file target.pdb (PDB, C-alpha atoms)
ATOM      1  CA  MET A 156     -19.472  29.989  12.072
ATOM      2  CA  SER A 157     -16.182  30.633  10.374
ATOM      3  CA  ARG A 158     -13.048  28.486  10.130
ATOM      4  CA  ARG A 159      -9.422  29.445   9.547
ATOM      5  CA  SER A 160      -6.567  27.080   8.686
ATOM      6  CA  PHE A 161      -3.028  27.380   9.997
ATOM      7  CA  ARG A 162      -0.345  25.191   8.425
ATOM      8  CA  THR A 163       2.579  24.504  10.766
ATOM      9  CA  ALA A 164       5.556  22.180  10.446
ATOM     10  CA  ASP A 165       3.877  19.537  12.626
ATOM     11  CA  ALA A 166       0.177  19.922  11.899
ATOM     12  CA  LEU A 167      -2.621  21.590   9.995
ATOM     13  CA  ILE A 168      -4.800  23.323  12.579
ATOM     14  CA  VAL A 169      -8.266  24.539  11.651
ATOM     15  CA  VAL A 170      -9.798  26.947  14.182
ATOM     16  CA  SER A 171     -13.553  27.450  14.354
ATOM     17  CA  THR A 172     -15.200  30.563  15.771
ATOM     18  CA  ASP A 173     -17.622  28.177  17.520
ATOM     19  CA  GLY A 174     -15.076  27.294  20.197
ATOM     20  CA  TYR A 175     -12.983  24.408  18.954
ATOM     21  CA  PHE A 176     -10.069  23.562  16.684
ATOM     22  CA  ASP A 177      -9.218  20.489  14.637
ATOM     23  CA  VAL A 178      -5.743  19.053  14.143
ATOM     24  CA  PHE A 179      -4.786  17.137  11.005
ATOM     25  CA  PRO A 180      -1.458  15.842   9.666
ATOM     26  CA  PRO A 181       0.450  18.606   7.815
ATOM     27  CA  VAL A 182      -0.217  17.062   4.398
ATOM     28  CA  ASP A 183      -2.976  17.591   1.864
ATOM     29  CA  ARG A 184      -6.208  16.035   3.019
ATOM     30  CA  SER A 185      -9.661  15.221   1.753
ATOM     31  CA  PRO A 186     -12.545  17.413   2.983
ATOM     32  CA  ASN A 187     -14.070  14.250   4.499
ATOM     33  CA  ASP A 188     -11.035  13.389   6.648
ATOM     34  CA  LYS A 189     -11.690  13.239  10.385
ATOM     35  CA  PRO A 190      -9.344  15.260  12.613
ATOM     36  CA  ASN A 191      -6.678  13.418  14.577
ATOM     37  CA  TYR A 192      -7.494  15.673  17.529
ATOM     38  CA  ARG A 193     -10.229  18.172  18.359
ATOM     39  CA  GLY A 194      -9.435  20.739  21.016
ATOM     40  CA  VAL A 195     -11.263  23.570  22.718
ATOM     41  CA  LEU A 196     -10.153  27.185  22.398
ATOM     42  CA  ALA A 197      -9.205  27.282  26.083
ATOM     43  CA  GLU A 198      -6.226  25.088  25.156
ATOM     44  CA  LEU A 199      -4.919  27.886  22.945
ATOM     45  CA  GLY A 200      -4.910  30.319  25.868
ATOM     46  CA  PRO A 201      -7.009  33.048  27.458
ATOM     47  CA  THR A 202      -6.066  35.660  24.861
ATOM     48  CA  VAL A 203      -8.271  34.056  22.185
ATOM     49  CA  ARG A 204     -11.145  32.550  24.183
ATOM     50  CA  GLY A 205     -14.143  34.618  25.204
ATOM     51  CA  THR A 206     -16.314  34.145  28.281
ATOM     52  CA  ASP A 207     -18.763  32.192  26.119
ATOM     53  CA  ASP A 208     -15.976  29.736  25.114
ATOM     54  CA  ARG A 209     -16.037  31.060  21.552
ATOM     55  CA  LEU A 210     -13.306  32.859  19.682
ATOM     56  CA  SER A 211     -12.827  36.347  21.144
ATOM     57  CA  VAL A 212     -10.520  37.669  18.409
ATOM     58  CA  ARG A 213     -10.831  37.938  14.648
ATOM     59  CA  PRO A 214      -9.833  34.762  12.775
ATOM     60  CA  GLU A 215      -7.128  36.741  10.916
ATOM     61  CA  SER A 216      -5.704  38.287  14.104
ATOM     62  CA  VAL A 217      -2.048  38.157  15.092
ATOM     63  CA  ALA A 218      -3.096  36.996  18.572
ATOM     64  CA  LEU A 219      -4.785  33.886  17.171
ATOM     65  CA  ALA A 220      -1.867  33.104  14.870
ATOM     66  CA  ALA A 221       0.540  33.380  17.820
ATOM     67  CA  ALA A 222      -1.634  31.182  20.053
ATOM     68  CA  VAL A 223      -1.959  28.487  17.382
ATOM     69  CA  SER A 224       1.755  28.612  16.617
ATOM     70  CA  SER A 225       2.656  28.204  20.277
ATOM     71  CA  TRP A 226       0.203  25.331  20.778
ATOM     72  CA  ALA A 227       1.450  23.608  17.624
ATOM     73  CA  ARG A 228       5.084  23.818  18.749
ATOM     74  CA  ASN A 229       4.221  22.259  22.093
ATOM     75  CA  HIS A 230       1.511  19.765  21.127
ATOM     76  CA  GLY A 231       1.025  19.565  17.344
ATOM     77  CA  ALA A 232       3.140  16.501  16.621
ATOM     78  CA  ALA A 233       1.740  14.602  19.628
ATOM     79  CA  ALA A 234      -1.834  15.425  18.564
ATOM     80  CA  VAL A 235      -1.185  14.174  15.017
ATOM     81  CA  ARG A 236       0.386  10.956  16.351
ATOM     82  CA  GLY A 237      -2.673  10.330  18.553
ATOM     83  CA  GLU A 238      -0.781  10.670  21.830
ATOM     84  CA  MET A 239      -3.331  13.189  23.147
ATOM     85  CA  GLY A 240      -6.360  11.030  22.459
ATOM     86  CA  PHE A 241      -9.142  12.550  20.384
ATOM     87  CA  GLY A 242      -9.579  15.648  22.530
ATOM     88  CA  ARG A 243     -13.099  16.892  23.102
ATOM     89  CA  ASN A 244     -14.372  14.053  20.886
ATOM     90  CA  ALA A 245     -14.588  10.811  22.801
ATOM     91  CA  SER A 246     -14.200   8.898  19.547
ATOM     92  CA  LYS A 247     -13.537   9.523  15.867
ATOM     93  CA  ALA A 248     -17.061   8.414  14.926
TER      94      ALA A 248
END

call {"tool": "encode", "arguments": {"input": "target.pdb", "output": "structure tokens"}}
result
Amino acid sequence: MSRRSFRTADALIVVSTDGYFDVFPPVDRSPNDKPNYRGVLAELGPTVRGTDDRLSVRPESVALAAAVSSWARNHGAAAVRGEMGFGRNASKA
């Protein structure tokens, strides 16, 4: 498993090759902080999700950066504010 961070104006988004991404506020955080939202790669679009629901592109790819950027513009601030719930996690436990 590999993870890649993307810092946007509204959120810090950390994408995992295992099929999910975490959303944090766009400020420095502790490694123990829980994400405000955890999404599945399908939310980022079909260009980055494989048939096995894992990342289908390289973590450093332009396609992934574009998908994350687009998602962040449309949903990043709402995810950080908690307006989207916790995503694939039913709770923050």

call {"tool": "residues_around", "arguments": {"input": "target.pdb", "residues": "Val169 (chain A)", "least_positions_apart": "4", "cutoff": "8 Å", "atoms": "all atoms listed in the file", "output": "list in words"}}
result
Arg158, Arg159, Ser160, Phe161, Phe176, Asp177 and Val178 of chain A

call {"tool": "closest_residue", "arguments": {"input": "target.pdb", "among": "A:Val195, A:Leu210, A:Ala166, A:Met156", "to": "Pro181 (chain A)", "atoms": "all atoms listed in the file"}}
result
A:Ala166

call {"tool": "closest_residue", "arguments": {"input": "target.pdb", "among": "A:Gly194, A:Gly237, A:Gly174, A:Pro186", "to": "Ser211 (chain A)", "atoms": "all atoms listed in the file"}}
result
A:Gly174

call {"tool": "residues_near_point", "arguments": {"input": "target.pdb", "point": "(-14.5, 29.4, 24.4)", "cutoff": "6 Å", "atoms": "all atoms listed in the file", "output": "VMD selection string"}}
result
chain A and resid 174 196 to 197 204 to 205 207 to 210

call {"tool": "atom_distance", "arguments": {"input": "target.pdb", "atom1": "CA of Ser157 (chain A)", "atom2": "CA of Ser171 (chain A)"}}
result
5.7 Å

call {"tool": "resolve_selection", "arguments": {"input": "target.pdb", "expression": "the PyMOL selection byres ((chain A and resi 220-223) around 10)", "output": "mmCIF file with C-alpha atoms, keeping the file's coordinate frame"}}
result
data_model
loop_
_atom_site.group_PDB
_atom_site.id
_atom_site.type_symbol
_atom_site.label_atom_id
_atom_site.label_comp_id
_atom_site.auth_asym_id
_atom_site.auth_seq_id
_atom_site.Cartn_x
_atom_site.Cartn_y
_atom_site.Cartn_z
ATOM 1 C CA ARG A 159 -9.422 29.445 9.547
ATOM 2 C CA SER A 160 -6.567 27.080 8.686
ATOM 3 C CA PHE A 161 -3.028 27.380 9.997
ATOM 4 C CA ARG A 162 -0.345 25.191 8.425
ATOM 5 C CA THR A 163 2.579 24.504 10.766
ATOM 6 C CA ILE A 168 -4.800 23.323 12.579
ATOM 7 C CA VAL A 169 -8.266 24.539 11.651
ATOM 8 C CA VAL A 170 -9.798 26.947 14.182
ATOM 9 C CA PHE A 176 -10.069 23.562 16.684
ATOM 10 C CA LEU A 196 -10.153 27.185 22.398
ATOM 11 C CA GLU A 198 -6.226 25.088 25.156
ATOM 12 C CA LEU A 199 -4.919 27.886 22.945
ATOM 13 C CA GLY A 200 -4.910 30.319 25.868
ATOM 14 C CA PRO A 201 -7.009 33.048 27.458
ATOM 15 C CA THR A 202 -6.066 35.660 24.861
ATOM 16 C CA VAL A 203 -8.271 34.056 22.185
ATOM 17 C CA PRO A 214 -9.833 34.762 12.775
ATOM 18 C CA GLU A 215 -7.128 36.741 10.916
ATOM 19 C CA SER A 216 -5.704 38.287 14.104
ATOM 20 C CA VAL A 217 -2.048 38.157 15.092
ATOM 21 C CA ALA A 218 -3.096 36.996 18.572
ATOM 22 C CA LEU A 219 -4.785 33.886 17.171
ATOM 23 C CA SER A 224 1.755 28.612 16.617
ATOM 24 C CA SER A 225 2.656 28.204 20.277
ATOM 25 C CA TRP A 226 0.203 25.331 20.778
ATOM 26 C CA ALA A 227 1.450 23.608 17.624
ATOM 27 C CA ARG A 228 5.084 23.818 18.749
ATOM 28 C CA ASN A 229 4.221 22.259 22.093
ATOM 29 C CA GLY A 231 1.025 19.565 17.344
#

call {"tool": "closest_residue", "arguments": {"input": "target.pdb", "among": "A:Arg213, A:Thr206, A:Thr172, A:Leu167", "to": "Arg184 (chain A)", "atoms": "only C-alpha atoms"}}
result
A:Leu167

call {"tool": "residues_around", "arguments": {"input": "target.pdb", "residues": "Met239 (chain A)", "least_positions_apart": "4", "cutoff": "12 Å", "atoms": "only C-alpha atoms", "output": "VMD selection string"}}
result
chain A and resid 178 191 to 194 229 to 235 243 to 245

call {"tool": "axis_aligned_box", "arguments": {"input": "target.pdb", "around": "region 220-226 of chain A", "padding_each_side": "8 Å", "output": "JSON"}}
result
{"center_x": 0.3, "center_y": 29.4, "center_z": 17.8, "size_x": 20.6, "size_y": 24.0, "size_z": 21.9}

call {"tool": "closest_residue", "arguments": {"input": "target.pdb", "among": "A:Phe179, A:Asp173, A:Val212, A:Asn187", "to": "Phe241 (chain A)", "atoms": "all atoms listed in the file"}}
result
A:Phe179

call {"tool": "build_atoms", "arguments": {"input": "target.pdb", "residues": "region 193-210 of chain A", "atoms": "N, CA, C and O atoms", "output": "JSON list (two decimals), in the coordinates of the input"}}
result
[["chain", "number", "residue", "atom", "x", "y", "z"],
["A", 193, "ARG", "N", -9.35, 17.00, 18.33],
["A", 193, "ARG", "CA", -10.23, 18.17, 18.36],
["A", 193, "ARG", "C", -10.11, 18.79, 19.75],
["A", 193, "ARG", "O", -10.40, 18.17, 20.74],
["A", 194, "GLY", "N", -9.63, 20.04, 19.76],
["A", 194, "GLY", "CA", -9.44, 20.74, 21.02],
["A", 194, "GLY", "C", -10.44, 21.86, 21.22],
["A", 194, "GLY", "O", -11.19, 22.21, 20.31],
["A", 195, "VAL", "N", -10.43, 22.41, 22.40],
["A", 195, "VAL", "CA", -11.26, 23.57, 22.72],
["A", 195, "VAL", "C", -10.37, 24.80, 22.77],
["A", 195, "VAL", "O", -9.18, 24.72, 23.06],
["A", 196, "LEU", "N", -10.95, 25.95, 22.47],
["A", 196, "LEU", "CA", -10.15, 27.18, 22.40],
["A", 196, "LEU", "C", -9.40, 27.49, 23.68],
["A", 196, "LEU", "O", -8.34, 28.11, 23.64],
["A", 197, "ALA", "N", -9.90, 27.05, 24.82],
["A", 197, "ALA", "CA", -9.20, 27.28, 26.08],
["A", 197, "ALA", "C", -7.79, 26.71, 26.05],
["A", 197, "ALA", "O", -6.89, 27.25, 26.70],
["A", 198, "GLU", "N", -7.56, 25.67, 25.27],
["A", 198, "GLU", "CA", -6.23, 25.09, 25.16],
["A", 198, "GLU", "C", -5.24, 26.04, 24.47],
["A", 198, "GLU", "O", -4.04, 25.93, 24.67],
["A", 199, "LEU", "N", -5.77, 26.93, 23.65],
["A", 199, "LEU", "CA", -4.92, 27.89, 22.94],
["A", 199, "LEU", "C", -4.54, 29.07, 23.82],
["A", 199, "LEU", "O", -3.64, 29.83, 23.49],
["A", 200, "GLY", "N", -5.25, 29.25, 24.94],
["A", 200, "GLY", "CA", -4.91, 30.32, 25.87],
["A", 200, "GLY", "C", -6.03, 31.33, 26.04],
["A", 200, "GLY", "O", -6.93, 31.43, 25.21],
["A", 201, "PRO", "N", -5.94, 32.09, 27.13],
["A", 201, "PRO", "CA", -7.01, 33.05, 27.46],
["A", 201, "PRO", "C", -7.08, 34.25, 26.53],
["A", 201, "PRO", "O", -8.09, 34.96, 26.52],
["A", 202, "THR", "N", -6.07, 34.48, 25.74],
["A", 202, "THR", "CA", -6.07, 35.66, 24.86],
["A", 202, "THR", "C", -6.99, 35.49, 23.66],
["A", 202, "THR", "O", -7.31, 36.47, 22.99],
["A", 203, "VAL", "N", -7.43, 34.28, 23.36],
["A", 203, "VAL", "CA", -8.27, 34.06, 22.18],
["A", 203, "VAL", "C", -9.65, 33.49, 22.52],
["A", 203, "VAL", "O", -10.49, 33.36, 21.65],
["A", 204, "ARG", "N", -9.88, 33.16, 23.78],
["A", 204, "ARG", "CA", -11.14, 32.55, 24.18],
["A", 204, "ARG", "C", -11.98, 33.55, 24.95],
["A", 204, "ARG", "O", -11.54, 34.14, 25.92],
["A", 205, "GLY", "N", -13.23, 33.72, 24.52],
["A", 205, "GLY", "CA", -14.14, 34.62, 25.20],
["A", 205, "GLY", "C", -14.83, 33.94, 26.37],
["A", 205, "GLY", "O", -14.68, 32.74, 26.59],
["A", 206, "THR", "N", -15.60, 34.70, 27.12],
["A", 206, "THR", "CA", -16.31, 34.15, 28.28],
["A", 206, "THR", "C", -17.36, 33.12, 27.86],
["A", 206, "THR", "O", -17.75, 32.28, 28.67],
["A", 207, "ASP", "N", -17.79, 33.16, 26.62],
["A", 207, "ASP", "CA", -18.76, 32.19, 26.12],
["A", 207, "ASP", "C", -18.09, 30.98, 25.48],
["A", 207, "ASP", "O", -18.73, 30.18, 24.81],
["A", 208, "ASP", "N", -16.79, 30.84, 25.66],
["A", 208, "ASP", "CA", -15.98, 29.74, 25.11],
["A", 208, "ASP", "C", -15.87, 29.76, 23.60],
["A", 208, "ASP", "O", -15.49, 28.79, 22.98],
["A", 209, "ARG", "N", -16.20, 30.88, 22.99],
["A", 209, "ARG", "CA", -16.04, 31.06, 21.55],
["A", 209, "ARG", "C", -14.82, 31.95, 21.30],
["A", 209, "ARG", "O", -14.27, 32.53, 22.21],
["A", 210, "LEU", "N", -14.45, 32.05, 20.06],
["A", 210, "LEU", "CA", -13.31, 32.86, 19.68],
["A", 210, "LEU", "C", -13.57, 34.32, 20.01],
["A", 210, "LEU", "O", -14.61, 34.87, 19.65]]
